[in-house]
file model14.txt (compact mmCIF, C-alpha atoms and all ligand atoms)
# COMPACT_ATOMS: atom_id res chain seq x y z
CA MET A 1 94.19 115.46 83.45
CA LEU A 2 93.26 117.31 86.61
CA GLN A 3 96.00 116.92 89.23
CA ARG A 4 95.70 116.46 92.98
CA THR A 5 98.22 116.97 95.74
CA LEU A 6 98.00 114.24 98.38
CA GLY A 7 99.40 114.70 101.87
CA MET A 8 101.74 117.43 103.04
CA ARG A 9 104.92 116.35 101.28
CA GLY A 10 104.20 117.34 97.68
CA LEU A 11 102.87 114.12 96.17
CA VAL A 12 101.13 115.21 92.94
CA VAL A 13 99.05 112.65 91.04
CA SER A 14 96.27 112.56 88.45
CA ALA A 15 92.80 112.95 89.97
CA GLU A 16 92.15 109.29 89.17
CA GLY A 17 94.64 106.42 89.30
CA LEU A 18 94.61 102.90 87.90
CA GLY A 19 94.17 99.94 90.23
CA CYS A 20 96.22 97.15 88.69
CA ILE A 21 95.21 94.09 90.70
CA GLY A 22 93.02 92.65 87.95
CA LEU A 23 95.76 92.85 85.35
CA THR A 24 97.39 89.69 86.62
CA GLN A 25 95.15 88.10 89.22
CA ALA A 26 92.51 86.91 86.82
CA GLY A 27 94.95 84.13 85.92
CA ILE A 28 95.29 82.72 82.43
CA SER A 29 92.51 84.83 80.95
CA VAL A 30 94.75 87.89 81.25
CA ASP A 31 97.43 88.17 78.63
CA GLU A 32 100.51 90.33 78.79
CA ALA A 33 99.80 92.22 75.58
CA SER A 34 96.36 93.42 76.62
CA SER A 35 97.45 94.22 80.18
CA SER A 36 100.41 96.22 78.86
CA ALA A 37 98.14 98.00 76.41
CA THR A 38 95.77 98.97 79.24
CA ILE A 39 98.58 100.40 81.36
CA ASN A 40 100.13 102.23 78.41
CA HIS A 41 96.74 103.66 77.49
CA ALA A 42 96.23 104.85 81.06
CA LEU A 43 99.51 106.75 80.86
CA ASP A 44 98.63 108.07 77.40
CA VAL A 45 95.40 109.63 78.69
CA GLY A 46 97.12 111.24 81.65
CA ILE A 47 96.79 108.80 84.53
CA THR A 48 99.98 108.96 86.55
CA LEU A 49 99.17 106.85 89.62
CA LEU A 50 99.55 103.08 89.21
CA ASP A 51 98.55 100.98 92.20
CA THR A 52 100.11 97.56 92.70
CA ALA A 53 101.49 95.30 95.47
CA ASP A 54 104.08 92.57 95.79
CA ALA A 55 101.22 90.25 96.74
CA TYR A 56 99.30 90.88 93.49
CA GLY A 57 100.08 87.97 91.27
CA PRO A 58 102.00 87.43 93.62
CA LEU A 59 105.05 89.20 92.17
CA LEU A 60 103.63 89.10 88.62
CA ASN A 61 101.84 92.43 88.90
CA GLU A 62 104.96 94.35 89.85
CA GLN A 63 106.92 92.55 87.14
CA LEU A 64 104.31 93.49 84.53
CA ILE A 65 104.33 97.13 85.60
CA GLY A 66 108.11 97.13 85.63
CA ARG A 67 108.23 96.02 82.01
CA VAL A 68 105.66 98.59 80.90
CA ILE A 69 107.14 101.59 82.68
CA ALA A 70 110.76 100.82 81.80
CA SER A 71 110.64 103.44 79.05
CA ARG A 72 108.13 105.74 80.78
CA ARG A 73 109.40 106.02 84.35
CA ASP A 74 109.13 109.81 84.44
CA GLU A 75 105.39 109.70 83.72
CA VAL A 76 104.49 107.39 86.59
CA VAL A 77 103.89 107.56 90.31
CA VAL A 78 104.40 103.95 91.40
CA ALA A 79 102.49 102.90 94.50
CA THR A 80 103.18 99.42 95.83
CA LYS A 81 102.66 97.52 99.07
CA PHE A 82 104.38 95.00 101.34
CA GLY A 83 103.23 93.00 104.32
CA LEU A 84 100.75 90.41 103.07
CA GLU A 85 103.55 87.99 103.84
CA LEU A 86 105.28 86.18 100.99
CA ASP A 87 107.60 83.26 101.56
CA ALA A 88 111.04 82.91 99.96
CA ASP A 89 109.41 81.53 96.80
CA GLY A 90 107.01 84.46 96.53
CA ARG A 91 103.94 82.58 97.73
CA ARG A 92 101.37 84.12 100.07
CA THR A 93 101.61 82.60 103.56
CA GLY A 94 98.25 84.00 104.68
CA LYS A 95 99.97 85.95 107.48
CA LEU A 96 100.69 89.64 107.89
CA ASN A 97 104.25 90.77 108.45
CA GLY A 98 105.29 94.28 109.49
CA ARG A 99 108.57 93.32 111.16
CA PRO A 100 111.48 95.64 110.32
CA GLU A 101 113.63 92.87 108.80
CA TYR A 102 110.72 91.85 106.56
CA VAL A 103 110.16 95.47 105.48
CA ARG A 104 113.82 95.82 104.51
CA ARG A 105 113.74 92.59 102.50
CA ALA A 106 110.41 93.33 100.81
CA VAL A 107 111.43 96.75 99.51
CA ASP A 108 114.43 95.38 97.66
CA GLY A 109 112.28 92.75 95.97
CA SER A 110 109.74 95.35 94.84
CA LEU A 111 112.44 97.70 93.54
CA GLN A 112 113.98 94.87 91.57
CA ARG A 113 110.68 93.64 90.07
CA LEU A 114 109.55 97.16 89.20
CA GLY A 115 112.95 97.97 87.75
CA ILE A 116 113.12 101.33 89.52
CA GLU A 117 115.47 102.98 91.98
CA VAL A 118 112.86 104.52 94.24
CA ILE A 119 109.27 103.60 95.07
CA ASP A 120 107.05 106.69 95.03
CA VAL A 121 104.49 105.43 97.57
CA TYR A 122 105.08 102.43 99.83
CA TYR A 123 102.04 101.15 101.70
CA GLN A 124 101.54 98.77 104.56
CA PRO A 125 98.23 97.28 103.33
CA ARG A 126 97.12 95.69 106.60
CA VAL A 127 98.37 96.43 110.10
CA ASP A 128 100.27 93.49 111.62
CA ALA A 129 98.86 93.01 115.12
CA GLU A 130 102.05 91.21 116.19
CA THR A 131 104.37 94.13 115.41
CA PRO A 132 103.98 97.57 117.00
CA ILE A 133 103.29 100.11 114.26
CA GLU A 134 106.18 102.20 115.61
CA GLU A 135 108.61 99.41 114.68
CA THR A 136 107.21 99.03 111.17
CA PHE A 137 107.22 102.77 110.55
CA GLY A 138 110.69 103.07 112.06
CA ALA A 139 111.93 100.71 109.37
CA LEU A 140 109.93 102.52 106.70
CA ALA A 141 111.37 105.87 107.82
CA GLU A 142 114.84 104.44 107.25
CA LEU A 143 113.82 103.51 103.70
CA VAL A 144 112.82 107.13 103.08
CA GLU A 145 116.09 108.36 104.59
CA CYS A 146 118.19 106.10 102.39
CA GLY A 147 116.24 107.04 99.25
CA LYS A 148 114.50 103.76 98.45
CA VAL A 149 111.02 105.19 99.09
CA ARG A 150 109.54 108.68 98.67
CA HIS A 151 106.20 108.56 100.49
CA LEU A 152 104.65 106.28 103.11
CA GLY A 153 101.12 104.97 103.13
CA LEU A 154 98.83 102.83 105.22
CA SER A 155 95.77 100.85 104.21
CA GLU A 156 92.74 99.90 106.30
CA ALA A 157 94.24 101.32 109.49
CA ALA A 158 92.21 102.65 112.42
CA PRO A 159 92.54 106.28 113.60
CA ASP A 160 94.78 105.53 116.58
CA THR A 161 97.16 103.47 114.43
CA ILE A 162 97.29 106.23 111.82
CA ARG A 163 98.24 108.73 114.53
CA ARG A 164 100.95 106.47 115.97
CA ALA A 165 102.46 105.80 112.54
CA HIS A 166 102.30 109.48 111.61
CA ALA A 167 104.16 110.38 114.79
CA VAL A 168 107.10 108.20 113.70
CA HIS A 169 107.16 109.44 110.10
CA PRO A 170 104.59 111.53 108.21
CA VAL A 171 102.04 109.39 106.39
CA THR A 172 101.26 110.84 102.95
CA VAL A 173 98.28 108.68 101.98
CA LEU A 174 95.74 106.35 103.45
CA GLN A 175 94.21 103.77 101.15
CA THR A 176 90.95 102.25 102.23
CA GLU A 177 87.76 100.92 100.72
CA TYR A 178 85.45 103.84 100.01
CA SER A 179 82.55 104.02 97.59
CA LEU A 180 78.81 104.62 97.48
CA PHE A 181 78.58 101.12 98.96
CA THR A 182 81.23 101.52 101.64
CA ARG A 183 81.07 104.87 103.40
CA ASP A 184 82.48 103.70 106.74
CA VAL A 185 85.34 106.25 106.72
CA GLU A 186 82.80 109.05 106.99
CA ILE A 187 81.68 107.90 110.43
CA ASP A 188 84.42 105.71 111.92
CA GLY A 189 86.88 108.55 112.54
CA VAL A 190 89.23 107.72 109.67
CA LEU A 191 88.29 110.62 107.38
CA SER A 192 88.31 113.20 110.18
CA THR A 193 91.67 111.90 111.45
CA ILE A 194 93.45 112.00 108.11
CA ARG A 195 92.04 115.44 107.34
CA GLU A 196 93.28 116.69 110.71
CA LEU A 197 96.74 115.25 109.99
CA GLY A 198 96.88 116.36 106.33
CA ILE A 199 96.93 112.83 104.90
CA GLY A 200 95.44 112.18 101.45
CA LEU A 201 92.83 109.50 100.76
CA VAL A 202 93.05 106.88 98.02
CA PRO A 203 89.74 104.98 97.87
CA TYR A 204 90.14 101.43 96.63
CA ALA A 205 87.33 99.34 95.16
CA PRO A 206 85.62 102.64 94.24
CA LEU A 207 83.15 100.73 92.07
CA GLY A 208 82.28 98.27 94.82
CA ARG A 209 84.43 95.72 92.96
CA GLY A 210 82.38 96.26 89.83
CA LEU A 211 78.94 96.02 91.45
CA LEU A 212 78.28 99.76 91.10
CA SER A 213 78.94 99.59 87.36
CA GLY A 214 75.59 97.85 87.01
CA ARG A 215 77.01 95.13 84.81
CA PHE A 216 76.06 92.31 87.17
CA ARG A 217 72.38 91.45 87.24
CA SER A 218 72.68 88.24 89.26
CA GLY A 219 75.25 85.88 90.75
CA ALA A 220 75.18 83.97 87.47
CA ASP A 221 76.98 86.90 85.80
CA LEU A 222 80.11 86.07 87.82
CA ALA A 223 82.43 83.48 86.30
CA PHE A 224 82.60 80.18 88.16
CA ASP A 225 86.10 80.97 89.50
CA ASP A 226 85.49 84.69 90.15
CA ARG A 227 86.77 85.46 93.66
CA ARG A 228 83.92 87.86 94.27
CA ARG A 229 81.67 84.82 94.72
CA GLN A 230 83.30 84.53 98.17
CA LEU A 231 82.40 88.09 99.17
CA PRO A 232 79.25 88.41 101.31
CA ARG A 233 77.89 91.31 99.24
CA PHE A 234 77.91 89.18 96.09
CA ARG A 235 76.05 86.25 97.63
CA GLY A 236 72.41 85.21 97.50
CA ASP A 237 69.87 87.56 99.05
CA ASN A 238 72.58 90.10 99.85
CA LEU A 239 73.32 90.49 96.16
CA ALA A 240 69.65 90.81 95.31
CA GLN A 241 69.29 93.62 97.88
CA ASN A 242 72.43 95.34 96.70
CA LEU A 243 71.26 95.27 93.11
CA ILE A 244 68.24 97.33 94.15
CA THR A 245 70.64 100.03 95.32
CA VAL A 246 72.58 99.71 92.07
CA ASP A 247 69.35 100.28 90.14
CA GLN A 248 68.70 103.46 92.12
CA VAL A 249 72.20 104.72 91.38
CA ARG A 250 71.73 103.78 87.74
CA ALA A 251 68.54 105.86 87.53
CA ILE A 252 70.40 108.96 88.74
CA ALA A 253 73.18 108.28 86.23
CA GLU A 254 70.73 107.86 83.36
CA ALA A 255 69.03 111.13 84.20
CA LYS A 256 72.44 112.81 83.80
CA ASP A 257 73.29 110.80 80.69
CA ILE A 258 76.37 109.24 82.25
CA THR A 259 77.12 105.65 83.26
CA PRO A 260 76.71 104.32 86.82
CA SER A 261 80.50 103.85 87.04
CA GLN A 262 81.08 107.45 86.09
CA LEU A 263 78.56 108.59 88.67
CA ALA A 264 80.19 106.48 91.40
CA LEU A 265 83.64 107.88 90.55
CA ALA A 266 82.45 111.48 90.16
CA TRP A 267 80.82 111.18 93.59
CA LEU A 268 84.14 110.13 95.14
CA ILE A 269 86.08 112.86 93.35
CA ALA A 270 83.50 115.35 94.66
CA GLN A 271 84.31 114.36 98.25
CA GLY A 272 87.36 116.62 98.27
CA GLU A 273 90.59 117.61 96.63
CA ASP A 274 92.37 115.18 98.92
CA VAL A 275 90.59 112.14 97.41
CA VAL A 276 91.99 110.14 94.44
CA PRO A 277 90.14 106.91 93.56
CA ILE A 278 91.91 104.01 91.82
CA PRO A 279 89.28 102.07 89.84
CA GLY A 280 90.55 98.81 88.40
CA THR A 281 89.89 97.66 84.87
CA ARG A 282 91.53 95.42 82.33
CA ARG A 283 89.79 97.05 79.37
CA ILE A 284 90.70 100.19 77.49
CA SER A 285 87.06 101.06 76.75
CA THR A 286 86.09 101.04 80.42
CA LEU A 287 89.28 102.85 81.32
CA ASP A 288 88.25 105.68 79.00
CA GLU A 289 84.77 105.62 80.51
CA ASN A 290 86.20 105.89 84.01
CA VAL A 291 88.68 108.63 83.13
CA ALA A 292 85.82 110.73 81.74
CA ALA A 293 84.37 110.81 85.26
CA VAL A 294 87.10 113.27 86.26
CA GLY A 295 85.39 115.94 84.17
CA ILE A 296 81.91 115.38 85.58
CA THR A 297 80.55 117.82 88.15
CA LEU A 298 77.63 116.79 90.33
CA THR A 299 75.05 119.34 91.41
CA PRO A 300 73.94 119.64 95.05
CA ASP A 301 70.62 118.03 94.02
CA GLU A 302 72.43 115.07 92.45
CA LEU A 303 74.63 114.65 95.53
CA ALA A 304 71.53 114.73 97.72
CA ALA A 305 69.82 112.16 95.49
CA LEU A 306 72.84 109.88 95.90
CA ASP A 307 72.70 110.30 99.66
CA MET A 308 69.12 109.06 99.48
CA ALA A 309 69.86 106.19 97.09
CA ALA A 310 73.08 105.04 98.77
CA PRO A 311 73.16 106.28 102.36
CA ARG A 312 75.88 105.15 104.75
CA GLY A 313 75.50 101.48 105.55
CA VAL A 314 73.30 100.74 102.56
CA ALA A 315 75.25 97.69 101.40
CA VAL A 316 73.94 94.37 102.66
CA GLY A 317 76.67 92.00 103.78
CA GLU A 318 80.21 92.65 104.95
CA ARG A 319 82.81 93.65 102.37
CA TYR A 320 85.07 90.66 103.21
CA PRO A 321 84.51 87.18 104.66
CA PRO A 322 84.90 87.06 108.48
CA ALA A 323 88.55 85.89 108.48
CA LEU A 324 89.58 88.90 106.39
CA MET A 325 87.33 91.39 108.21
CA ARG A 326 89.52 90.79 111.29
CA ASP A 327 92.44 92.50 109.53
CA VAL A 328 90.70 95.75 108.65
CA TYR A 329 90.32 98.87 110.82
CA ARG A 330 93.12 97.76 113.11
N1 LIG B 1 94.50 98.24 99.85
C1 LIG B 1 93.73 97.19 99.67
O1 LIG B 1 93.47 96.43 100.60
C2 LIG B 1 93.13 96.94 98.34
C3 LIG B 1 92.14 95.94 98.20
C4 LIG B 1 91.58 95.74 96.96
C5 LIG B 1 91.97 96.49 95.87
N2 LIG B 1 92.95 97.44 96.02
C6 LIG B 1 93.39 98.28 94.88
O2 LIG B 1 92.26 99.01 94.41
C7 LIG B 1 92.09 98.80 93.01
C8 LIG B 1 90.62 98.90 92.65
O3 LIG B 1 89.84 97.95 93.36
P1 LIG B 1 89.13 96.72 92.65
O4 LIG B 1 89.76 96.52 91.33
O5 LIG B 1 89.12 95.59 93.61
O6 LIG B 1 87.62 97.19 92.54
P2 LIG B 1 86.84 98.30 91.66
O7 LIG B 1 87.78 99.25 91.08
O8 LIG B 1 85.75 98.81 92.50
O9 LIG B 1 86.17 97.40 90.53
C9 LIG B 1 86.91 96.71 89.58
C10 LIG B 1 85.94 95.87 88.77
O10 LIG B 1 85.02 96.73 88.10
C11 LIG B 1 85.04 96.48 86.71
N3 LIG B 1 84.93 97.79 86.06
C12 LIG B 1 85.77 98.84 86.16
N4 LIG B 1 85.30 99.88 85.48
C13 LIG B 1 84.14 99.48 84.92
C14 LIG B 1 83.18 100.11 84.09
N5 LIG B 1 83.32 101.37 83.71
N6 LIG B 1 82.09 99.40 83.70
C15 LIG B 1 81.94 98.12 84.08
N7 LIG B 1 82.81 97.48 84.88
C16 LIG B 1 83.91 98.15 85.29
C17 LIG B 1 86.35 95.78 86.43
O11 LIG B 1 86.16 94.87 85.39
P3 LIG B 1 87.16 94.71 84.14
O12 LIG B 1 88.52 94.52 84.69
O13 LIG B 1 86.64 93.53 83.44
O14 LIG B 1 87.03 95.98 83.37
C18 LIG B 1 86.61 95.03 87.72
O15 LIG B 1 85.94 93.79 87.71
C19 LIG B 1 92.73 97.43 92.77
O16 LIG B 1 93.07 97.26 91.41
C20 LIG B 1 93.91 97.49 93.69
O17 LIG B 1 94.98 98.20 93.07
C21 LIG B 1 93.52 97.67 97.24
call {"tool": "encode", "arguments": {"input": "model14.txt", "output": "structure tokens"}}
result
Amino acid sequence: MLQRTLGMRGLVVSAEGLGCIGLTQAGISVDEASSSATINHALDVGITLLDTADAYGPLLNEQLIGRVIASRRDEVVVATKFGLELDADGRRTGKLNGRPEYVRRAVDGSLQRLGIEVIDVYYQPRVDAETPIEETFGALAELVECGKVRHLGLSEAAPDTIRRAHAVHPVTVLQTEYSLFTRDVEIDGVLSTIRELGIGLVPYAPLGRGLLSGRFRSGADLAFDDRRRQLPRFRGDNLAQNLITVDQVRAIAEAKDITPSQLALAWLIAQGEDVVPIPGTRRISTLDENVAAVGITLTPDELAALDMAAPRGVAVGERYPPALMRDVYR
């Protein structure tokens, strides 16, 4: 698969990664055999970047990945995250924690669950307002120095925070929500800042959490316990409005004889060689569909048509409920 170099410190990854959150968080409907098969298939077709977090599961996601990569460590770039605070029993507390002592404890837990000696990319997924970023990145820099971590990342950070962190230790990658539905980084200073500093971009939720795939036609298509029911964009009139945008994206995809998901991913990949999306899927068939997007080139006319169909700010409704919106762009 096409390779990309992210950041200025030689991190080379496949042009598309695999977001692993859904492989454990869907609860009992996800079984180990099929999740393992999906991850193994991703590696077989050339994906090298696996994205996880200690909070996914919690703990279960890292444990799953650890079992799968035990015999394939050399093929994988493992990206994980700390800081959505877990208590001593591994339960989410609902708080953020970027304190140095927490960072030092969290990394050892992740290394143990993943069964590896060094984490390739270690992200702080949300900035902890109670802890100066210099303190968090000071502790992270020590982890790089002592060989527990190779590259540092931030997620959902604001430009000033990115600069302050980068001044303590170079940031290799920024992970943030970016898709045809969420183009905030293009205008809020994040994209220009990371490009100035030489930081790579890993868009998460590149399919708008599945909405851009076109597979949802109404709220009724979401399972009763699907967490997306809590997201403003998936609710009521917002969803109806957003599905109109999805239909417009779908029309452009059909004209090119590709799927809406492939179009959404090809659009992201076309944003620059410093951009590596991490779509999530539990299914091998959709994984193959998404991987094929890496080989799709969009013409200037198609890119312009997408700008018309999905301009900045097109999505109706915030991407998170209010309590969670407070933690982004901080
Ligand atoms: N840093 C952060 O704050 C943060 C936040 C959220 C997520 N993430 C990371 O980003 C990754 C991706 O985000 P995400 O999983 O939330 O959203 P996403 O990649 O935009 O969408 C995933 C959803 O789309 C469906 N899907 C994927 N490919 C499809 C296709 N070709 N056709 C139809 N449906 C398709 C998946 O369903 P199936 O599973 O049923 O295929 C899943 O429900 C996560 O796995 C996680 O690693 C990071």
call {"tool": "residues_around", "arguments": {"input": "model14.txt", "residues": "Ala158 of chain A", "least_positions_apart": "4", "cutoff": "9 Å", "atoms": "only C-alpha atoms", "output": "list in words"}}
result
Ile162, Arg163, Asp188, Gly189, Val190, Val328, Tyr329 and Arg330 of chain A
call {"tool": "write_last_selection", "arguments": {"input": "model14.txt", "atoms": "C-alpha atoms", "output": "mmCIF file, in the frame of the given file"}}
result
data_model
loop_
_atom_site.group_PDB
_atom_site.id
_atom_site.type_symbol
_atom_site.label_atom_id
_atom_site.label_comp_id
_atom_site.auth_asym_id
_atom_site.auth_seq_id
_atom_site.Cartn_x
_atom_site.Cartn_y
_atom_site.Cartn_z
ATOM 1 C CA ILE A 162 97.290 106.230 111.820
ATOM 2 C CA ARG A 163 98.240 108.730 114.530
ATOM 3 C CA ASP A 188 84.420 105.710 111.920
ATOM 4 C CA GLY A 189 86.880 108.550 112.540
ATOM 5 C CA VAL A 190 89.230 107.720 109.670
ATOM 6 C CA VAL A 328 90.700 95.750 108.650
ATOM 7 C CA TYR A 329 90.320 98.870 110.820
ATOM 8 C CA ARG A 330 93.120 97.760 113.110
#
call {"tool": "atom_distance", "arguments": {"input": "model14.txt", "atom1": "atom CA of Thr176 of chain A", "atom2": "atom CA of Pro203 of chain A"}}
result
5.3 Å
call {"tool": "residues_near_ligand", "arguments": {"input": "model14.txt", "ligand": "ligand LIG 1 (chain B)", "cutoff": "8 Å", "atoms": "all atoms listed in the file", "output": "PDB file with C-alpha atoms, keeping the file's coordinate frame"}}
result
ATOM      1  CA  LEU A  18      94.610 102.900  87.900  1.00  0.00           C
ATOM      2  CA  GLY A  19      94.170  99.940  90.230  1.00  0.00           C
ATOM      3  CA  CYS A  20      96.220  97.150  88.690  1.00  0.00           C
ATOM      4  CA  ILE A  21      95.210  94.090  90.700  1.00  0.00           C
ATOM      5  CA  GLY A  22      93.020  92.650  87.950  1.00  0.00           C
ATOM      6  CA  LEU A  23      95.760  92.850  85.350  1.00  0.00           C
ATOM      7  CA  LEU A  50      99.550 103.080  89.210  1.00  0.00           C
ATOM      8  CA  ASP A  51      98.550 100.980  92.200  1.00  0.00           C
ATOM      9  CA  THR A  52     100.110  97.560  92.700  1.00  0.00           C
ATOM     10  CA  ALA A  53     101.490  95.300  95.470  1.00  0.00           C
ATOM     11  CA  PRO A 125      98.230  97.280 103.330  1.00  0.00           C
ATOM     12  CA  ARG A 126      97.120  95.690 106.600  1.00  0.00           C
ATOM     13  CA  SER A 155      95.770 100.850 104.210  1.00  0.00           C
ATOM     14  CA  GLU A 156      92.740  99.900 106.300  1.00  0.00           C
ATOM     15  CA  GLN A 175      94.210 103.770 101.150  1.00  0.00           C
ATOM     16  CA  THR A 176      90.950 102.250 102.230  1.00  0.00           C
ATOM     17  CA  GLU A 177      87.760 100.920 100.720  1.00  0.00           C
ATOM     18  CA  SER A 179      82.550 104.020  97.590  1.00  0.00           C
ATOM     19  CA  PRO A 203      89.740 104.980  97.870  1.00  0.00           C
ATOM     20  CA  TYR A 204      90.140 101.430  96.630  1.00  0.00           C
ATOM     21  CA  ALA A 205      87.330  99.340  95.160  1.00  0.00           C
ATOM     22  CA  PRO A 206      85.620 102.640  94.240  1.00  0.00           C
ATOM     23  CA  LEU A 207      83.150 100.730  92.070  1.00  0.00           C
ATOM     24  CA  GLY A 208      82.280  98.270  94.820  1.00  0.00           C
ATOM     25  CA  ARG A 209      84.430  95.720  92.960  1.00  0.00           C
ATOM     26  CA  GLY A 210      82.380  96.260  89.830  1.00  0.00           C
ATOM     27  CA  LEU A 211      78.940  96.020  91.450  1.00  0.00           C
ATOM     28  CA  LEU A 212      78.280  99.760  91.100  1.00  0.00           C
ATOM     29  CA  SER A 213      78.940  99.590  87.360  1.00  0.00           C
ATOM     30  CA  GLY A 214      75.590  97.850  87.010  1.00  0.00           C
ATOM     31  CA  ARG A 215      77.010  95.130  84.810  1.00  0.00           C
ATOM     32  CA  THR A 259      77.120 105.650  83.260  1.00  0.00           C
ATOM     33  CA  PRO A 260      76.710 104.320  86.820  1.00  0.00           C
ATOM     34  CA  SER A 261      80.500 103.850  87.040  1.00  0.00           C
ATOM     35  CA  GLN A 262      81.080 107.450  86.090  1.00  0.00           C
ATOM     36  CA  ILE A 278      91.910 104.010  91.820  1.00  0.00           C
ATOM     37  CA  PRO A 279      89.280 102.070  89.840  1.00  0.00           C
ATOM     38  CA  GLY A 280      90.550  98.810  88.400  1.00  0.00           C
ATOM     39  CA  THR A 281      89.890  97.660  84.870  1.00  0.00           C
ATOM     40  CA  ARG A 282      91.530  95.420  82.330  1.00  0.00           C
ATOM     41  CA  ARG A 283      89.790  97.050  79.370  1.00  0.00           C
ATOM     42  CA  SER A 285      87.060 101.060  76.750  1.00  0.00           C
ATOM     43  CA  THR A 286      86.090 101.040  80.420  1.00  0.00           C
ATOM     44  CA  LEU A 287      89.280 102.850  81.320  1.00  0.00           C
ATOM     45  CA  GLU A 289      84.770 105.620  80.510  1.00  0.00           C
ATOM     46  CA  ASN A 290      86.200 105.890  84.010  1.00  0.00           C
TER      47      ASN A 290
END
call {"tool": "closest_residue", "arguments": {"input": "model14.txt", "among": "A:His151, A:Arg105, A:Arg250, A:Lys95", "to": "Ala264 of chain A", "atoms": "only C-alpha atoms"}}
result
A:Arg250
call {"tool": "closest_residue", "arguments": {"input": "model14.txt", "among": "A:Tyr102, A:Phe137, A:Tyr178, A:Tyr56", "to": "Gly83 of chain A", "atoms": "only C-alpha atoms"}}
result
A:Tyr102
call {"tool": "closest_residue", "arguments": {"input": "model14.txt", "among": "A:Pro132, A:Pro300, A:Thr93, A:Val275", "to": "Gln3 of chain A", "atoms": "only C-alpha atoms"}}
result
A:Val275
call {"tool": "atom_distance", "arguments": {"input": "model14.txt", "atom1": "atom CA of Leu243 of chain A", "atom2": "atom CA of Ala255 of chain A"}}
result
18.3 Å
call {"tool": "residues_around", "arguments": {"input": "model14.txt", "residues": "Val76 of chain A", "least_positions_apart": "3", "cutoff": "8 Å", "atoms": "all atoms listed in the file", "output": "number ranges by chain"}}
result
A: 43, 48-50, 69, 72-73
call {"tool": "atom_distance", "arguments": {"input": "model14.txt", "atom1": "atom CA of Thr136 of chain A", "atom2": "atom CA of Ile194 of chain A"}}
result
19.2 Å
call {"tool": "build_atoms", "arguments": {"input": "model14.txt", "residues": "segment 198-202 of chain A", "atoms": "all heavy atoms", "output": "PDB file, keeping the file's coordinate frame"}}
result
ATOM      1  N   GLY A 198      96.407 115.975 107.671  1.00  0.00           N
ATOM      2  CA  GLY A 198      96.880 116.360 106.330  1.00  0.00           C
ATOM      3  C   GLY A 198      97.310 115.179 105.494  1.00  0.00           C
ATOM      4  O   GLY A 198      98.234 115.273 104.677  1.00  0.00           O
ATOM      5  N   ILE A 199      96.625 114.049 105.657  1.00  0.00           N
ATOM      6  CA  ILE A 199      96.930 112.830 104.900  1.00  0.00           C
ATOM      7  C   ILE A 199      95.896 112.687 103.773  1.00  0.00           C
ATOM      8  O   ILE A 199      94.696 112.880 103.999  1.00  0.00           O
ATOM      9  CB  ILE A 199      96.867 111.592 105.831  1.00  0.00           C
ATOM     10  CG1 ILE A 199      97.928 111.711 106.939  1.00  0.00           C
ATOM     11  CG2 ILE A 199      97.022 110.291 105.048  1.00  0.00           C
ATOM     12  CD1 ILE A 199      97.776 110.672 108.048  1.00  0.00           C
ATOM     13  N   GLY A 200      96.361 112.362 102.568  1.00  0.00           N
ATOM     14  CA  GLY A 200      95.440 112.180 101.450  1.00  0.00           C
ATOM     15  C   GLY A 200      94.730 110.832 101.513  1.00  0.00           C
ATOM     16  O   GLY A 200      95.171 109.910 102.205  1.00  0.00           O
ATOM     17  N   LEU A 201      93.623 110.730 100.750  1.00  0.00           N
ATOM     18  CA  LEU A 201      92.830 109.500 100.760  1.00  0.00           C
ATOM     19  C   LEU A 201      92.774 108.901  99.357  1.00  0.00           C
ATOM     20  O   LEU A 201      92.416 109.572  98.391  1.00  0.00           O
ATOM     21  CB  LEU A 201      91.397 109.815 101.233  1.00  0.00           C
ATOM     22  CG  LEU A 201      90.414 108.635 101.257  1.00  0.00           C
ATOM     23  CD1 LEU A 201      90.879 107.538 102.220  1.00  0.00           C
ATOM     24  CD2 LEU A 201      89.018 109.111 101.652  1.00  0.00           C
ATOM     25  N   VAL A 202      93.131 107.625  99.289  1.00  0.00           N
ATOM     26  CA  VAL A 202      93.050 106.880  98.020  1.00  0.00           C
ATOM     27  C   VAL A 202      92.003 105.778  98.209  1.00  0.00           C
ATOM     28  O   VAL A 202      92.298 104.729  98.787  1.00  0.00           O
ATOM     29  CB  VAL A 202      94.419 106.290  97.630  1.00  0.00           C
ATOM     30  CG1 VAL A 202      94.292 105.352  96.427  1.00  0.00           C
ATOM     31  CG2 VAL A 202      95.404 107.412  97.299  1.00  0.00           C
TER      32      VAL A 202
END
